[in-house]
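Here is upload.pdb, consisting of PDB, C-alpha atoms:
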MODEL        1
ATOM      1  CA  MET A   1       0.000   0.000   0.000
ATOM      2  CA  ALA A   2       1.301   3.424  -0.943
ATOM      3  CA  THR A   3       2.290   5.664   1.856
ATOM      4  CA  LYS A   4       0.663   9.051   2.423
ATOM      5  CA  ARG A   5       3.716  10.829   1.012
ATOM      6  CA  GLU A   6       3.726   8.598  -2.087
ATOM      7  CA  ARG A   7      -0.005   9.269  -2.543
ATOM      8  CA  GLN A   8       0.598  13.004  -2.340
ATOM      9  CA  ARG A   9       3.377  12.747  -4.908
ATOM     10  CA  GLN A  10       1.089  10.751  -7.204
ATOM     11  CA  LEU A  11      -1.653  13.360  -6.888
ATOM     12  CA  ALA A  12       0.867  16.119  -7.604
ATOM     13  CA  ARG A  13       2.095  14.295 -10.723
ATOM     14  CA  GLU A  14      -1.494  13.859 -11.930
ATOM     15  CA  ALA A  15      -2.300  17.524 -11.260
ATOM     16  CA  HIS A  16       0.838  18.557 -13.138
ATOM     17  CA  GLN A  17      -0.099  16.286 -16.026
ATOM     18  CA  ARG A  18      -3.576  17.824 -16.198
ATOM     19  CA  ARG A  19      -2.073  21.325 -16.203
ATOM     20  CA  MET A  20       0.271  20.357 -19.024
ATOM     21  CA  GLU A  21      -2.595  18.863 -21.022
ATOM     22  CA  ARG A  22      -4.709  22.001 -20.529
ATOM     23  CA  ARG A  23      -1.738  24.158 -21.554
ATOM     24  CA  ALA A  24      -1.181  22.054 -24.674
ATOM     25  CA  ASP A  25      -4.897  22.238 -25.481
ATOM     26  CA  ARG A  26      -4.840  26.050 -25.141
ATOM     27  CA  ALA A  27      -1.775  26.186 -27.381
ATOM     28  CA  ARG A  28      -3.547  24.105 -30.036
ATOM     29  CA  ARG A  29      -6.639  26.374 -29.881
ATOM     30  CA  GLU A  30      -4.454  29.473 -30.123
ATOM     31  CA  ARG A  31      -2.663  28.068 -33.139
ATOM     32  CA  ARG A  32      -6.013  27.318 -34.792
ATOM     33  CA  TRP A  33      -7.210  30.894 -34.077
ATOM     34  CA  ALA A  34      -3.958  32.281 -35.410
ATOM     35  CA  VAL A  35      -4.345  30.302 -38.617
ATOM     36  CA  SER A  36      -7.970  31.419 -38.930
ATOM     37  CA  ILE A  37      -7.057  35.065 -38.399
ATOM     38  CA  VAL A  38      -4.222  34.902 -40.910
ATOM     39  CA  ALA A  39      -6.547  33.283 -43.421
ATOM     40  CA  ALA A  40      -9.167  35.951 -42.817
ATOM     41  CA  VAL A  41      -6.602  38.692 -43.253
ATOM     42  CA  ILE A  42      -5.428  37.125 -46.499
ATOM     43  CA  VAL A  43      -9.012  36.888 -47.757
ATOM     44  CA  LEU A  44      -9.677  40.510 -46.817
ATOM     45  CA  ALA A  45      -6.430  41.631 -48.389
ATOM     46  CA  VAL A  46      -7.311  39.839 -51.602
ATOM     47  CA  GLY A  47     -10.793  41.345 -51.464
ATOM     48  CA  PHE A  48      -9.480  44.851 -50.896
ATOM     49  CA  GLY A  49      -6.923  44.382 -53.628
ATOM     50  CA  ALA A  50      -9.513  43.197 -56.101
ATOM     51  CA  ALA A  51     -11.832  46.021 -55.087
ATOM     52  CA  ALA A  52      -9.072  48.561 -55.468
ATOM     53  CA  ILE A  53      -8.253  47.201 -58.898
ATOM     54  CA  ALA A  54     -11.930  47.426 -59.783
ATOM     55  CA  GLY A  55     -11.978  51.031 -58.631
ATOM     56  CA  VAL A  56     -14.429  50.465 -55.791
ATOM     57  CA  PHE A  57     -12.302  52.321 -53.236
ATOM     58  CA  SER A  58     -10.994  54.994 -55.535
ATOM     59  CA  THR A  59     -12.764  58.256 -56.239
ATOM     60  CA  PRO A  60     -14.871  57.572 -59.327
ATOM     61  CA  LYS A  61     -13.884  59.482 -62.440
ATOM     62  CA  SER A  62     -16.505  62.171 -62.847
ATOM     63  CA  SER A  63     -19.014  62.020 -65.653
ATOM     64  CA  ALA A  64     -20.151  65.067 -67.571
ATOM     65  CA  ALA A  65     -21.459  66.878 -64.555
ATOM     66  CA  ALA A  66     -19.473  65.248 -61.800
ATOM     67  CA  SER A  67     -16.415  66.594 -60.040
ATOM     68  CA  ALA A  68     -14.559  65.461 -56.933
ATOM     69  CA  SER A  69     -15.571  67.585 -53.974
ATOM     70  CA  SER A  70     -15.576  65.372 -50.926
ATOM     71  CA  SER A  71     -15.535  61.619 -50.344
ATOM     72  CA  ALA A  72     -17.561  61.529 -47.142
ATOM     73  CA  SER A  73     -21.106  60.209 -47.592
ATOM     74  CA  ALA A  74     -24.240  61.631 -46.044
ATOM     75  CA  SER A  75     -25.327  60.629 -42.555
ATOM     76  CA  ALA A  76     -26.566  57.055 -42.366
ATOM     77  CA  SER A  77     -28.632  57.752 -39.271
ATOM     78  CA  ALA A  78     -31.454  59.293 -41.289
ATOM     79  CA  SER A  79     -32.826  58.699 -44.754
ATOM     80  CA  PRO A  80     -34.637  61.126 -47.030
ATOM     81  CA  SER A  81     -37.760  60.244 -48.980
ATOM     82  CA  ALA A  82     -37.566  59.240 -52.599
ATOM     83  CA  THR A  83     -38.243  62.788 -53.827
ATOM     84  CA  SER A  84     -37.001  65.089 -51.074
ATOM     85  CA  ALA A  85     -33.749  65.473 -49.151
ATOM     86  CA  MET A  86     -35.624  66.622 -46.066
ATOM     87  CA  VAL A  87     -35.828  64.345 -43.045
ATOM     88  CA  GLY A  88     -38.457  65.246 -40.458
ATOM     89  CA  GLY A  89     -38.811  68.688 -42.004
ATOM     90  CA  LYS A  90     -35.083  69.384 -41.775
ATOM     91  CA  CYS A  91     -32.180  69.252 -44.209
ATOM     92  CA  ILE A  92     -29.254  67.029 -43.288
ATOM     93  CA  TYR A  93     -25.893  68.671 -43.927
ATOM     94  CA  THR A  94     -23.022  66.392 -42.990
ATOM     95  CA  ALA A  95     -19.503  67.699 -42.434
ATOM     96  CA  GLY A  96     -17.014  66.126 -44.794
ATOM     97  CA  GLY A  97     -13.850  67.087 -46.613
ATOM     98  CA  ALA A  98     -11.765  70.215 -46.307
ATOM     99  CA  ALA A  99     -13.573  73.433 -47.118
ATOM    100  CA  ALA A 100     -12.139  75.417 -50.021
ATOM    101  CA  ARG A 101     -13.377  78.467 -48.140
ATOM    102  CA  LYS A 102     -14.510  78.547 -44.550
ATOM    103  CA  VAL A 103     -18.287  78.773 -44.286
ATOM    104  CA  SER A 104     -20.983  77.932 -41.763
ATOM    105  CA  LEU A 105     -23.420  75.089 -42.341
ATOM    106  CA  PRO A 106     -26.757  76.164 -43.815
ATOM    107  CA  ALA A 107     -29.735  76.371 -41.482
ATOM    108  CA  ALA A 108     -31.319  72.958 -41.047
ATOM    109  CA  THR A 109     -34.828  74.295 -41.617
ATOM    110  CA  PRO A 110     -35.232  75.942 -45.028
ATOM    111  CA  ASP A 111     -37.839  78.513 -45.941
ATOM    112  CA  THR A 112     -39.864  76.286 -48.242
ATOM    113  CA  LYS A 113     -42.403  79.025 -49.071
ATOM    114  CA  ALA A 114     -39.878  81.528 -50.395
ATOM    115  CA  THR A 115     -39.153  82.244 -54.052
ATOM    116  CA  TYR A 116     -35.495  82.809 -54.859
ATOM    117  CA  LYS A 117     -33.702  84.260 -57.849
ATOM    118  CA  ALA A 118     -29.917  84.109 -58.205
ATOM    119  CA  THR A 119     -28.014  86.641 -60.272
ATOM    120  CA  ILE A 120     -24.546  85.433 -61.240
ATOM    121  CA  THR A 121     -22.352  88.283 -62.421
ATOM    122  CA  THR A 122     -19.403  87.064 -64.487
ATOM    123  CA  ASN A 123     -16.704  88.665 -66.589
ATOM    124  CA  ARG A 124     -18.606  87.392 -69.659
ATOM    125  CA  GLY A 125     -22.027  88.673 -68.713
ATOM    126  CA  THR A 126     -24.871  88.204 -66.257
ATOM    127  CA  ILE A 127     -26.779  84.948 -65.748
ATOM    128  CA  VAL A 128     -30.098  85.018 -63.890
ATOM    129  CA  ILE A 129     -31.434  81.770 -62.418
ATOM    130  CA  ASP A 130     -34.877  80.966 -61.046
ATOM    131  CA  LEU A 131     -34.126  78.625 -58.150
ATOM    132  CA  ALA A 132     -36.442  75.608 -57.790
ATOM    133  CA  ASN A 133     -37.082  75.960 -54.077
ATOM    134  CA  SER A 134     -40.281  73.895 -54.093
ATOM    135  CA  GLY A 135     -38.597  70.878 -55.685
ATOM    136  CA  ALA A 136     -35.117  71.130 -54.194
ATOM    137  CA  PRO A 137     -35.431  73.038 -50.899
ATOM    138  CA  CYS A 138     -32.263  71.669 -49.286
ATOM    139  CA  THR A 139     -30.155  72.299 -52.376
ATOM    140  CA  VAL A 140     -31.515  75.829 -52.805
ATOM    141  CA  ASN A 141     -31.086  76.444 -49.087
ATOM    142  CA  SER A 142     -27.408  75.481 -49.367
ATOM    143  CA  PHE A 143     -26.844  77.541 -52.524
ATOM    144  CA  VAL A 144     -28.461  80.607 -50.957
ATOM    145  CA  SER A 145     -26.391  80.140 -47.795
ATOM    146  CA  LEU A 146     -23.130  79.843 -49.733
ATOM    147  CA  ALA A 147     -23.980  82.871 -51.878
ATOM    148  CA  SER A 148     -24.805  84.951 -48.803
ATOM    149  CA  GLN A 149     -21.421  83.987 -47.316
ATOM    150  CA  LYS A 150     -19.722  85.069 -50.602
ATOM    151  CA  PHE A 151     -18.411  81.563 -51.197
ATOM    152  CA  PHE A 152     -18.810  81.909 -54.971
ATOM    153  CA  ASN A 153     -17.362  85.404 -55.282
ATOM    154  CA  SER A 154     -14.199  85.691 -57.381
ATOM    155  CA  THR A 155     -14.212  82.038 -58.416
ATOM    156  CA  PRO A 156     -13.621  80.490 -61.852
ATOM    157  CA  CYS A 157     -15.892  78.162 -63.785
ATOM    158  CA  GLN A 158     -13.319  75.431 -64.182
ATOM    159  CA  ARG A 159     -14.883  73.036 -66.676
ATOM    160  CA  LEU A 160     -16.577  73.176 -70.064
ATOM    161  CA  THR A 161     -17.744  70.194 -72.113
ATOM    162  CA  THR A 162     -18.480  70.409 -75.827
ATOM    163  CA  ALA A 163     -18.669  68.135 -78.870
ATOM    164  CA  PRO A 164     -17.641  65.449 -79.606
ATOM    165  CA  ASN A 165     -19.191  64.717 -76.207
ATOM    166  CA  SER A 166     -22.964  64.451 -76.002
ATOM    167  CA  TYR A 167     -23.188  66.561 -72.855
ATOM    168  CA  TYR A 168     -22.927  70.310 -72.843
ATOM    169  CA  VAL A 169     -22.240  71.986 -69.517
ATOM    170  CA  LEU A 170     -20.258  74.739 -67.868
ATOM    171  CA  GLN A 171     -19.256  73.745 -64.343
ATOM    172  CA  CYS A 172     -18.586  76.209 -61.527
ATOM    173  CA  GLY A 173     -18.610  76.448 -57.738
ATOM    174  CA  ASP A 174     -15.074  75.449 -56.765
ATOM    175  CA  PRO A 175     -13.030  78.375 -55.400
ATOM    176  CA  THR A 176      -9.804  76.448 -56.045
ATOM    177  CA  GLY A 177     -10.561  76.151 -59.754
ATOM    178  CA  LYS A 178      -9.264  72.566 -59.714
ATOM    179  CA  GLY A 179     -12.582  70.750 -59.655
ATOM    180  CA  THR A 180     -11.840  69.237 -56.251
ATOM    181  CA  GLY A 181     -13.003  71.988 -53.885
ATOM    182  CA  GLY A 182     -16.160  72.063 -51.817
ATOM    183  CA  PRO A 183     -17.767  73.765 -48.816
ATOM    184  CA  GLY A 184     -16.702  71.174 -46.227
ATOM    185  CA  TYR A 185     -20.122  69.519 -46.036
ATOM    186  CA  GLU A 186     -22.382  67.319 -48.143
ATOM    187  CA  PHE A 187     -26.112  66.690 -48.481
ATOM    188  CA  TYR A 188     -28.673  64.420 -50.086
ATOM    189  CA  THR A 189     -29.691  64.405 -53.734
ATOM    190  CA  GLU A 190     -33.259  65.516 -54.430
ATOM    191  CA  ASN A 191     -35.765  66.555 -57.112
ATOM    192  CA  LEU A 192     -34.786  63.724 -59.472
ATOM    193  CA  ALA A 193     -38.474  62.943 -60.023
ATOM    194  CA  SER A 194     -38.724  66.155 -62.040
ATOM    195  CA  LEU A 195     -36.425  64.732 -64.719
ATOM    196  CA  LYS A 196     -37.836  63.202 -67.856
ATOM    197  CA  THR A 197     -36.354  60.027 -69.275
ATOM    198  CA  ALA A 198     -34.594  60.669 -72.542
ATOM    199  CA  THR A 199     -35.865  58.492 -75.370
ATOM    200  CA  ALA A 200     -34.027  59.780 -78.443
ATOM    201  CA  SER A 201     -31.014  57.558 -77.857
ATOM    202  CA  GLY A 202     -33.013  54.625 -76.550
ATOM    203  CA  THR A 203     -31.244  54.807 -73.166
ATOM    204  CA  THR A 204     -32.585  55.252 -69.650
ATOM    205  CA  GLU A 205     -30.601  58.425 -69.100
ATOM    206  CA  ALA A 206     -32.457  61.538 -68.035
ATOM    207  CA  LEU A 207     -32.892  64.665 -70.068
ATOM    208  CA  TYR A 208     -31.334  67.812 -68.658
ATOM    209  CA  PRO A 209     -32.758  70.488 -70.995
ATOM    210  CA  ALA A 210     -30.815  73.581 -72.035
ATOM    211  CA  GLY A 211     -31.083  76.134 -69.234
ATOM    212  CA  THR A 212     -31.033  73.556 -66.440
ATOM    213  CA  VAL A 213     -28.871  74.284 -63.395
ATOM    214  CA  ALA A 214     -27.933  71.158 -61.437
ATOM    215  CA  MET A 215     -25.561  69.997 -58.724
ATOM    216  CA  ALA A 216     -22.305  68.264 -59.561
ATOM    217  CA  ASN A 217     -21.072  65.510 -57.264
ATOM    218  CA  SER A 218     -18.135  63.187 -56.683
ATOM    219  CA  GLY A 219     -19.725  60.309 -58.558
ATOM    220  CA  SER A 220     -21.115  58.876 -55.316
ATOM    221  CA  ALA A 221     -24.725  59.131 -54.206
ATOM    222  CA  ASP A 222     -25.633  62.082 -51.985
ATOM    223  CA  SER A 223     -22.247  63.781 -52.307
ATOM    224  CA  ASN A 224     -23.533  67.236 -53.214
ATOM    225  CA  GLY A 225     -21.439  70.199 -52.091
ATOM    226  CA  SER A 226     -20.904  73.561 -53.772
ATOM    227  CA  GLN A 227     -20.152  72.685 -57.377
ATOM    228  CA  PHE A 228     -22.908  73.074 -59.945
ATOM    229  CA  PHE A 229     -23.253  73.017 -63.708
ATOM    230  CA  LEU A 230     -25.201  75.049 -66.234
ATOM    231  CA  VAL A 231     -26.579  73.175 -69.242
ATOM    232  CA  TYR A 232     -26.369  75.241 -72.448
ATOM    233  CA  LYS A 233     -27.709  72.557 -74.832
ATOM    234  CA  ASN A 234     -30.052  69.612 -74.287
ATOM    235  CA  THR A 235     -28.033  66.945 -72.513
ATOM    236  CA  GLU A 236     -28.605  63.325 -71.515
ATOM    237  CA  LEU A 237     -27.006  62.202 -68.260
ATOM    238  CA  PRO A 238     -27.679  59.550 -65.618
ATOM    239  CA  PRO A 239     -30.452  60.794 -63.295
ATOM    240  CA  SER A 240     -27.940  61.409 -60.519
ATOM    241  CA  TYR A 241     -27.635  65.186 -60.408
ATOM    242  CA  THR A 242     -30.098  67.394 -58.550
ATOM    243  CA  PRO A 243     -31.733  69.987 -60.835
ATOM    244  CA  PHE A 244     -32.294  73.068 -58.686
ATOM    245  CA  GLY A 245     -32.827  75.958 -61.074
ATOM    246  CA  THR A 246     -33.559  77.216 -64.553
ATOM    247  CA  ILE A 247     -31.682  79.933 -66.407
ATOM    248  CA  ALA A 248     -34.114  82.823 -66.919
ATOM    249  CA  SER A 249     -31.640  84.984 -68.853
ATOM    250  CA  GLY A 250     -28.003  84.783 -69.852
ATOM    251  CA  LEU A 251     -28.033  81.381 -71.550
ATOM    252  CA  ASP A 252     -26.382  83.060 -74.526
ATOM    253  CA  VAL A 253     -23.465  84.044 -72.275
ATOM    254  CA  ILE A 254     -22.639  80.365 -71.732
ATOM    255  CA  GLN A 255     -23.319  79.431 -75.350
ATOM    256  CA  ASN A 256     -20.865  82.074 -76.532
ATOM    257  CA  VAL A 257     -18.210  80.703 -74.179
ATOM    258  CA  ALA A 258     -18.918  77.198 -75.516
ATOM    259  CA  LYS A 259     -18.361  78.347 -79.103
ATOM    260  CA  ALA A 260     -14.767  79.216 -78.222
ATOM    261  CA  GLY A 261     -14.285  75.646 -76.960
ATOM    262  CA  SER A 262     -12.312  74.083 -74.123
ATOM    263  CA  THR A 263      -8.628  73.470 -73.545
ATOM    264  CA  ASN A 264      -9.235  69.701 -73.862
ATOM    265  CA  SER A 265      -7.164  69.248 -70.706
ATOM    266  CA  ASN A 266      -9.363  66.360 -69.509
ATOM    267  CA  ALA A 267     -10.265  64.868 -72.885
ATOM    268  CA  GLN A 268     -11.319  65.994 -76.315
ATOM    269  CA  GLY A 269     -14.044  68.582 -75.774
ATOM    270  CA  ASP A 270     -13.554  68.537 -72.000
ATOM    271  CA  GLY A 271     -11.391  70.983 -70.088
ATOM    272  CA  ALA A 272     -11.233  74.540 -68.866
ATOM    273  CA  PRO A 273     -13.043  77.032 -71.106
ATOM    274  CA  LYS A 274     -10.667  78.757 -73.513
ATOM    275  CA  GLU A 275     -12.482  81.985 -72.732
ATOM    276  CA  LYS A 276     -11.993  82.130 -68.975
ATOM    277  CA  VAL A 277     -15.214  82.543 -67.012
ATOM    278  CA  GLN A 278     -14.875  84.231 -63.630
ATOM    279  CA  ILE A 279     -17.810  84.576 -61.245
ATOM    280  CA  GLU A 280     -17.507  88.014 -59.739
ATOM    281  CA  ARG A 281     -20.420  87.682 -57.336
ATOM    282  CA  VAL A 282     -23.719  85.844 -56.768
ATOM    283  CA  THR A 283     -26.664  87.891 -55.530
ATOM    284  CA  ILE A 284     -29.818  86.301 -54.135
ATOM    285  CA  THR A 285     -33.259  87.946 -54.378
ATOM    286  CA  LYS A 286     -35.974  86.546 -52.128
ATOM    287  CA  THR A 287     -39.699  87.170 -52.536
TER     288      THR A 287
ENDMDL
END
Have the structure of the file written as structure tokens, please.
Amino acid sequence: MATKRERQRQLAREAHQRRMERRADRARRERRWAVSIVAAVIVLAVGFGAAAIAGVFSTPKSSAAASASSSASASASASPSATSAMVGGKCIYTAGGAAARKVSLPAATPDTKATYKATITTNRGTIVIDLANSGAPCTVNSFVSLASQKFFNSTPCQRLTTAPNSYYVLQCGDPTGKGTGGPGYEFYTENLASLKTATASGTTEALYPAGTVAMANSGSADSNGSQFFLVYKNTELPPSYTPFGTIASGLDVIQNVAKAGSTNSNAQGDGAPKEKVQIERVTITKT
């Protein structure tokens, strides 16, 4: 019969063996987790690499009316309706990107009953725009706010598109003149229901008639900022750009600039206007 001391030693050896087995088991589990994590990282890396190659994580190249302004998307905590950017009677302006000029955010509650007219004084002539406040209250509210803060004063219209392209716009609203500047905030797209589907080309693109004033964006949904474009000839584009005004007078000013052509710095028929267009000031009339 084993003595008490021998029994104690046996128990100690068994306890030590159990500890070693538990330690080995933990080591095996840790190795399995490590392998799983490495595999997951490899999968993610491959996914990110493929996505980057596909352009998913890069700033999309702008279409006729698009320009890079800010990459931040609108707030995901609230969603606008299908036709309006307002949420609970308020406009959602989300901070994002560096501001080309320091400005305050627009008021969250727009004056939806007001009628606004914008007078854009340029070195080429005066352009008067009837702002579509009833259809695009948040966009008009932002434009009016930026104009009142002199954001557009002394800024160039940096882009002109002409033939052989099928879109005809003069793009403005970036104080830097590079096509990358914005106000430091973004907001939802709206008023797209007012667009008519173009049928001449048999596509599902929307018709932006001559005289339309619409928001440019970064190529991503709800990335509106300060840049806008003026359509000087009927244009078909994807229904992605908020129309927020109509040129009441001065369309000929833009058409004359278009006749001189662009520098083709982006592509054939796409670049800075050869006849430089400088916005001297934007004046808002409210009735």
Rounded to one decimal in Å, what is the spacing between CA of Lys286 (chain A) and CA of Phe228 (chain A)? 20.3 Å
With 9 Å as the threshold, what does the neighbourhood of (-21.9, 77.8, -60.2) contain in terms of residues, counting all atoms listed in the file? Coordinates are those of the file; answer as a ChimeraX atom specification. /A:120,152,155-157,170-174,213,215,226-230,279,282
To test your reading of the syntax: which residues would the PyMOL selection byres ((chain A and resi 212) around 6) return for the file shown? Reply as a ChimeraX atom specification. /A:209-211,213,231,246
Do you know which residues the PyMOL selection byres ((chain A and resi 117) around 9) returns on this file, as JSON, numbers by chain? {"A": [115, 116, 118, 119, 128, 129, 130, 131, 245, 283, 284, 285, 286, 287]}
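When all atoms listed in the file are used to measure the gap to Asn123 (chain A), the shortest distance among A:Gln268, A:Ser262, A:Asn153, A:Asp222 belongs to A:Asn153.
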For Val103 (chain A), list every protein, DNA or RNA residue within 9 Å, evaluated using only C-alpha atoms, and leave out those in the same chain fewer than 3 positions away; present the list as a list in words. Ala99, Pro106, Ser145, Leu146, Gln149, Phe151, Pro183 and Gly184 of chain A
What gap, in Å, lies between CA of Ser220 (chain A) and CA of Asp111 (chain A)?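 Pair CA of Ser220 (chain A) / CA of Asp111 (chain A) returns 27.4 Å.
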What's the 8 Å shell around region 235-239 of chain A, counting only C-alpha atoms, without same-chain residues fewer than 5 positions away, as a PyMOL selection string? chain A and resi 64+166-168+192+195+198+204-210
Between CA of Lys259 (chain A) and CA of Gly271 (chain A), what is the distance in Å, rounded to a tenth? 13.6 Å
Since I can't run it myself right now, could you work out what the PyMOL selection byres ((chain A and resi 82-91) around 6) selects here and report it as a list in words? Pro80, Ser81, Ile92, Ala108, Thr109, Cys138, Tyr188, Glu190 and Asn191 of chain A
Would you please work out which residue, of A:Ser249, A:Gly177, A:Thr94, A:Pro164, is nearest to Val277 (chain A) when using only C-alpha atoms?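 That would be A:Gly177, the residue with the smallest distance to Val277 (chain A).
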